Amino acid sequence: MSKKTIITVATTGAWPKKENNPNVPMTPAEISEDVYACWKAGAAVAHLHMRDDNGNGTMSADKFRETVELLRKNHPECDIILNLTTSGDLNATDETRQMHLKELRPEMGSYDCGSMNWLHSGLFINHPKFLEELGKNMQEWGVKPEIEAFDPGMIANAAYYLKKGVLKAPLHFQFCMGCANGIPGSMKNLVFMKETMDQLCPGSTWSTFGVGHSAMEIMYGAIAMGGHIRVGMEDNVMYAKGQLAESNVQFVERAARAIREFGREVATPDEAREILGLKK
Amino acid sequence: MTWGIYWMFYHCPDCGKKFKSGADMITEPTFGRCPVCNAEGVLIGESKEGYPADAEDYEDTAEY
């Protein structure tokens with residue numbers, strides 16, 4: 001087991017707004033500065049969503065471009081791995097969900113490996129046609145998929161795409177725990193997700209997070225099990241019960257402390273590249 | 001893509017207490033039960049509809 005643990009920061013997501021937490025970064029300028037601060041605090045990967053001018057989730061390639069350019073222009077020394085979402089707006093088309101990957105060629109992009117009900121009220125569609133197209137395009141564009149699995153069935157779906165050649169080993173999973181309609185966040189379920197992955201997609205790497213109440217349990221569990229962790233205001237606007245998060249840096253710093261206290265080390269971006277099989 | 005805690009809001013039929021449970025804790029025995037008298041709550045709203053204007057006054061049943 002590697003002694004390095006990768007911290008991914010998910011700065012913004014598609015749902016929290018300033019009214020939920022005034023410290024959520026929303027604009028390209030805010031997001032790029034936040035990514036830089038989180039990198040300094042120990043984050044090796046930044047998972048990014050964009051917002052339109054009204055604060056709603058958008059797949060606007062312009063917003064992604066502006067954010068990436070601001071980061072590179074203002075902080076050229078920042079070598080954080082960029083992981084751009086492909087699921088930032090439920091009304092986006094298959095095309096707009098991929099355009100920014102084609103243009104910007106980030107090292108990673110999210111790959112939501114199945115469809116599900118969304119908030120007990122709508123649909124989060126990842127049609128087989130879209131997943132096949134996206135998987136092939138990501139291979140062609142040199143973008144490593146981060147396979148977001150909201151339940152064990154999505155891991156099985158990834159195994160299917162692996163067998164078809166749509167995805168290429170070694171896979172990297174993000175176990176999304178505690179989301180409405182997804183697998184609840186608990187240690188028992190985290191172990192089950194990992195065992196399912198080991199059985200169906202051996203040799204894969206994995207990271208995880210718990211939305212809401214299970215955040216700490218999942219974070220500590222992942223560290224103990226040798227996985228990697230994701231933190232940030234996309235998943236939790238509360239730092240603790242009754243306490244709004246002050247910043248994404250606050251989450252990254254806590255994660256880094258937990259990793260070190262456990263006796264492991266926080267992976268640098270280059271170490272994360274080695275673990276994930278990325279070419280810089 | 002995630003979307004934070006999905007809340008379900010309740011009133012206690014016995015003591016009238018307002019409380020809420022997050023769907024991420026749906027496996028917990030405290031889910032939907034009054035934190036004061038343990039009575040099963042009456043659902044009055046949730047994140048998608050009937051979100052109460054005084055949502056901040058509802059106590060979270062999770063023990064963390």
# chains A, B, ... in the order shown; residues from 1 in each chain; ligands from 1

call {"tool": "closest_atom_pairs", "arguments": {"of": "chain B", "to": "chain A", "cutoff": "10 Å", "atoms": "only C-alpha atoms", "output": "Markdown table"}}
result
| residue | atom | partner | partner_atom | distance |
| --- | --- | --- | --- | --- |
| B:Met1 | CA | A:Ser87 | CA | 6.0 |
| B:Thr2 | CA | A:Asp235 | CA | 6.1 |
| B:Trp3 | CA | A:Trp15 | CA | 5.4 |
| B:Gly4 | CA | A:Asp235 | CA | 5.6 |
| B:Ile5 | CA | A:Gly212 | CA | 5.5 |
| B:Tyr6 | CA | A:Ala180 | CA | 6.1 |
| B:Trp7 | CA | A:Ala180 | CA | 9.3 |
| B:Gly22 | CA | A:Gly212 | CA | 7.9 |
| B:Ala23 | CA | A:Ala180 | CA | 5.9 |
| B:Asp24 | CA | A:Gly178 | CA | 4.5 |
| B:Met25 | CA | A:Pro184 | CA | 7.0 |
| B:Ile26 | CA | A:Pro184 | CA | 7.5 |
| B:Thr27 | CA | A:Pro184 | CA | 7.4 |
| B:Glu46 | CA | A:His120 | CA | 9.8 |
| B:Ser47 | CA | A:Leu119 | CA | 7.9 |
| B:Lys48 | CA | A:Ser121 | CA | 6.7 |
| B:Glu49 | CA | A:Ser121 | CA | 9.3 |
| B:Asp60 | CA | A:Lys241 | CA | 9.0 |
| B:Ala62 | CA | A:His213 | CA | 7.3 |
| B:Glu63 | CA | A:His213 | CA | 8.7 |
| B:Tyr64 | CA | A:His213 | CA | 6.1 |

call {"tool": "write_last_selection", "arguments": {"atoms": "N, CA and C atoms", "output": "PDB file, in the first residue's frame"}}
result
ATOM      1  N   MET B   1     -20.780  15.180  -9.583  1.00  0.00           N
ATOM      2  CA  MET B   1     -21.766  16.180  -9.167  1.00  0.00           C
ATOM      3  C   MET B   1     -22.495  15.685  -7.923  1.00  0.00           C
ATOM      4  N   THR B   2     -22.537  16.484  -6.919  1.00  0.00           N
ATOM      5  CA  THR B   2     -23.340  16.147  -5.739  1.00  0.00           C
ATOM      6  C   THR B   2     -24.248  17.333  -5.421  1.00  0.00           C
ATOM      7  N   TRP B   3     -25.031  17.203  -4.364  1.00  0.00           N
ATOM      8  CA  TRP B   3     -26.033  18.250  -4.130  1.00  0.00           C
ATOM      9  C   TRP B   3     -26.364  18.415  -2.666  1.00  0.00           C
ATOM     10  N   GLY B   4     -25.426  18.122  -1.814  1.00  0.00           N
ATOM     11  CA  GLY B   4     -25.642  18.396  -0.406  1.00  0.00           C
ATOM     12  C   GLY B   4     -26.692  17.492   0.227  1.00  0.00           C
ATOM     13  N   ILE B   5     -27.016  17.821   1.429  1.00  0.00           N
ATOM     14  CA  ILE B   5     -27.950  16.984   2.192  1.00  0.00           C
ATOM     15  C   ILE B   5     -29.374  17.180   1.679  1.00  0.00           C
ATOM     16  N   TYR B   6     -30.080  16.083   1.481  1.00  0.00           N
ATOM     17  CA  TYR B   6     -31.504  16.135   1.145  1.00  0.00           C
ATOM     18  C   TYR B   6     -32.281  16.034   2.466  1.00  0.00           C
ATOM     19  N   TRP B   7     -32.981  17.102   2.798  1.00  0.00           N
ATOM     20  CA  TRP B   7     -33.643  17.175   4.110  1.00  0.00           C
ATOM     21  C   TRP B   7     -35.101  16.740   4.050  1.00  0.00           C
ATOM     22  N   GLY B  22     -31.552  14.156   7.585  1.00  0.00           N
ATOM     23  CA  GLY B  22     -30.914  14.143   6.272  1.00  0.00           C
ATOM     24  C   GLY B  22     -31.020  12.772   5.637  1.00  0.00           C
ATOM     25  N   ALA B  23     -31.328  12.742   4.337  1.00  0.00           N
ATOM     26  CA  ALA B  23     -31.495  11.458   3.650  1.00  0.00           C
ATOM     27  C   ALA B  23     -30.221  10.626   3.684  1.00  0.00           C
ATOM     28  N   ASP B  24     -29.080  11.269   3.880  1.00  0.00           N
ATOM     29  CA  ASP B  24     -27.830  10.508   3.962  1.00  0.00           C
ATOM     30  C   ASP B  24     -27.765   9.685   5.248  1.00  0.00           C
ATOM     31  N   MET B  25     -28.691   9.939   6.171  1.00  0.00           N
ATOM     32  CA  MET B  25     -28.712   9.196   7.433  1.00  0.00           C
ATOM     33  C   MET B  25     -29.931   8.283   7.520  1.00  0.00           C
ATOM     34  N   ILE B  26     -30.453   7.918   6.372  1.00  0.00           N
ATOM     35  CA  ILE B  26     -31.720   7.190   6.362  1.00  0.00           C
ATOM     36  C   ILE B  26     -31.611   5.800   6.998  1.00  0.00           C
ATOM     37  N   THR B  27     -30.410   5.302   7.137  1.00  0.00           N
ATOM     38  CA  THR B  27     -30.240   3.989   7.765  1.00  0.00           C
ATOM     39  C   THR B  27     -30.227   4.078   9.296  1.00  0.00           C
ATOM     40  N   GLU B  46     -39.968  18.698   2.529  1.00  0.00           N
ATOM     41  CA  GLU B  46     -38.656  18.128   2.215  1.00  0.00           C
ATOM     42  C   GLU B  46     -37.944  19.076   1.264  1.00  0.00           C
ATOM     43  N   SER B  47     -36.743  18.715   0.888  1.00  0.00           N
ATOM     44  CA  SER B  47     -35.947  19.640   0.070  1.00  0.00           C
ATOM     45  C   SER B  47     -36.640  20.017  -1.220  1.00  0.00           C
ATOM     46  N   LYS B  48     -37.340  19.065  -1.850  1.00  0.00           N
ATOM     47  CA  LYS B  48     -37.907  19.367  -3.167  1.00  0.00           C
ATOM     48  C   LYS B  48     -39.221  20.133  -3.089  1.00  0.00           C
ATOM     49  N   GLU B  49     -39.949  20.018  -1.990  1.00  0.00           N
ATOM     50  CA  GLU B  49     -41.234  20.713  -1.890  1.00  0.00           C
ATOM     51  C   GLU B  49     -41.614  20.879  -0.419  1.00  0.00           C
ATOM     52  N   ASP B  60     -31.568  19.009  13.852  1.00  0.00           N
ATOM     53  CA  ASP B  60     -31.058  17.854  13.095  1.00  0.00           C
ATOM     54  C   ASP B  60     -31.043  16.625  14.006  1.00  0.00           C
ATOM     55  N   ALA B  62     -29.516  13.894  13.492  1.00  0.00           N
ATOM     56  CA  ALA B  62     -28.254  13.144  13.434  1.00  0.00           C
ATOM     57  C   ALA B  62     -27.412  13.442  14.663  1.00  0.00           C
ATOM     58  N   GLU B  63     -26.781  12.407  15.152  1.00  0.00           N
ATOM     59  CA  GLU B  63     -25.921  12.602  16.330  1.00  0.00           C
ATOM     60  C   GLU B  63     -24.481  12.902  15.943  1.00  0.00           C
ATOM     61  N   TYR B  64     -24.167  12.731  14.675  1.00  0.00           N
ATOM     62  CA  TYR B  64     -22.818  12.883  14.131  1.00  0.00           C
ATOM     63  C   TYR B  64     -21.839  11.909  14.767  1.00  0.00           C
TER      64      TYR B  64
END

call {"tool": "residues_around", "arguments": {"residues": "Gly45 in chain B", "least_positions_apart": "5", "cutoff": "6 Å", "atoms": "only C-alpha atoms", "output": "list in words"}}
result
Phe9, Gly50 and Tyr51 of chain B

call {"tool": "write_last_selection", "arguments": {"atoms": "C-alpha atoms", "output": "mmCIF file, in the first residue's frame"}}
result
data_model
loop_
_atom_site.group_PDB
_atom_site.id
_atom_site.type_symbol
_atom_site.label_atom_id
_atom_site.label_comp_id
_atom_site.auth_asym_id
_atom_site.auth_seq_id
_atom_site.Cartn_x
_atom_site.Cartn_y
_atom_site.Cartn_z
ATOM 1 C CA PHE B 9 -38.763 18.084 7.864
ATOM 2 C CA GLY B 50 -42.691 22.225 1.239
ATOM 3 C CA TYR B 51 -39.313 23.523 2.389
#

call {"tool": "select_by_dssp", "arguments": {"residues": "range 64-246 of chain A", "states": "helix (DSSP H, G or I)", "output": "number ranges by chain"}}
result
A: 64-74, 99-104, 128-141, 152-164, 187-200, 212-225

call {"tool": "residues_around", "arguments": {"residues": "Cys37 in chain B", "least_positions_apart": "5", "cutoff": "9 Å", "atoms": "only C-alpha atoms", "output": "ChimeraX atom specification"}}
result
/B:12,14-15

call {"tool": "select_by_dssp", "arguments": {"residues": "chain B", "states": "strand (DSSP E or B)", "output": "list in words"}}
result
Trp7, Met8, Phe9, Tyr10, His11, Lys18, Phe19, Lys20, Ser21, Gly22, Arg33, Glu40, Val42, Leu43, Ile44, Gly45, Glu46, Glu59 and Asp60 of chain B

call {"tool": "write_last_selection", "arguments": {"atoms": "N, CA, C and O atoms", "output": "tab-separated table (two decimals), in the first residue's frame"}}
result
chain	number	residue	atom	x	y	z
B	7	TRP	N	-32.98	17.10	2.80
B	7	TRP	CA	-33.64	17.18	4.11
B	7	TRP	C	-35.10	16.74	4.05
B	7	TRP	O	-35.81	17.01	3.08
B	8	MET	N	-35.54	16.14	5.15
B	8	MET	CA	-36.96	15.85	5.37
B	8	MET	C	-37.33	16.49	6.72
B	8	MET	O	-36.62	16.30	7.71
B	9	PHE	N	-38.39	17.27	6.70
B	9	PHE	CA	-38.76	18.08	7.86
B	9	PHE	C	-40.00	17.50	8.56
B	9	PHE	O	-40.96	17.09	7.90
B	10	TYR	N	-39.97	17.50	9.87
B	10	TYR	CA	-41.03	16.85	10.65
B	10	TYR	C	-41.50	17.74	11.81
B	10	TYR	O	-40.73	18.58	12.33
B	11	HIS	N	-42.74	17.50	12.21
B	11	HIS	CA	-43.25	17.99	13.50
B	11	HIS	C	-43.54	16.76	14.35
B	11	HIS	O	-44.04	15.74	13.85
B	18	LYS	N	-40.06	20.71	16.29
B	18	LYS	CA	-39.71	20.71	14.87
B	18	LYS	C	-38.32	20.07	14.72
B	18	LYS	O	-37.38	20.47	15.42
B	19	PHE	N	-38.23	19.13	13.83
B	19	PHE	CA	-36.92	18.50	13.62
B	19	PHE	C	-36.78	18.06	12.16
B	19	PHE	O	-37.76	18.01	11.40
B	20	LYS	N	-35.55	17.76	11.77
B	20	LYS	CA	-35.27	17.37	10.39
B	20	LYS	C	-34.27	16.22	10.38
B	20	LYS	O	-33.44	16.08	11.29
B	21	SER	N	-34.36	15.41	9.31
B	21	SER	CA	-33.42	14.30	9.12
B	21	SER	C	-32.86	14.36	7.70
B	21	SER	O	-33.60	14.62	6.75
B	22	GLY	N	-31.55	14.16	7.59
B	22	GLY	CA	-30.91	14.14	6.27
B	22	GLY	C	-31.02	12.77	5.64
B	22	GLY	O	-30.83	11.75	6.31
B	33	ARG	N	-37.50	10.51	13.73
B	33	ARG	CA	-38.08	10.35	15.07
B	33	ARG	C	-37.73	11.55	15.93
B	33	ARG	O	-36.63	12.10	15.83
B	40	GLU	N	-42.60	8.98	16.22
B	40	GLU	CA	-42.41	9.10	14.78
B	40	GLU	C	-42.98	10.42	14.30
B	40	GLU	O	-44.14	10.74	14.58
B	42	VAL	N	-44.30	13.66	11.97
B	42	VAL	CA	-45.23	13.88	10.86
B	42	VAL	C	-44.49	14.71	9.81
B	42	VAL	O	-44.03	15.83	10.10
B	43	LEU	N	-44.35	14.15	8.62
B	43	LEU	CA	-43.60	14.82	7.56
B	43	LEU	C	-44.37	16.05	7.09
B	43	LEU	O	-45.53	15.97	6.70
B	44	ILE	N	-43.69	17.20	7.13
B	44	ILE	CA	-44.37	18.43	6.69
B	44	ILE	C	-43.70	19.07	5.48
B	44	ILE	O	-44.21	20.01	4.89
B	45	GLY	N	-42.55	18.56	5.08
B	45	GLY	CA	-41.88	19.12	3.90
B	45	GLY	C	-40.55	18.43	3.68
B	45	GLY	O	-40.09	17.64	4.51
B	46	GLU	N	-39.97	18.70	2.53
B	46	GLU	CA	-38.66	18.13	2.22
B	46	GLU	C	-37.94	19.08	1.26
B	46	GLU	O	-38.50	20.11	0.88
B	59	GLU	N	-34.38	21.06	14.41
B	59	GLU	CA	-33.20	20.38	14.95
B	59	GLU	C	-32.85	19.15	14.13
B	59	GLU	O	-33.72	18.36	13.76
B	60	ASP	N	-31.57	19.01	13.85
B	60	ASP	CA	-31.06	17.85	13.09
B	60	ASP	C	-31.04	16.62	14.01
B	60	ASP	O	-30.47	16.68	15.10
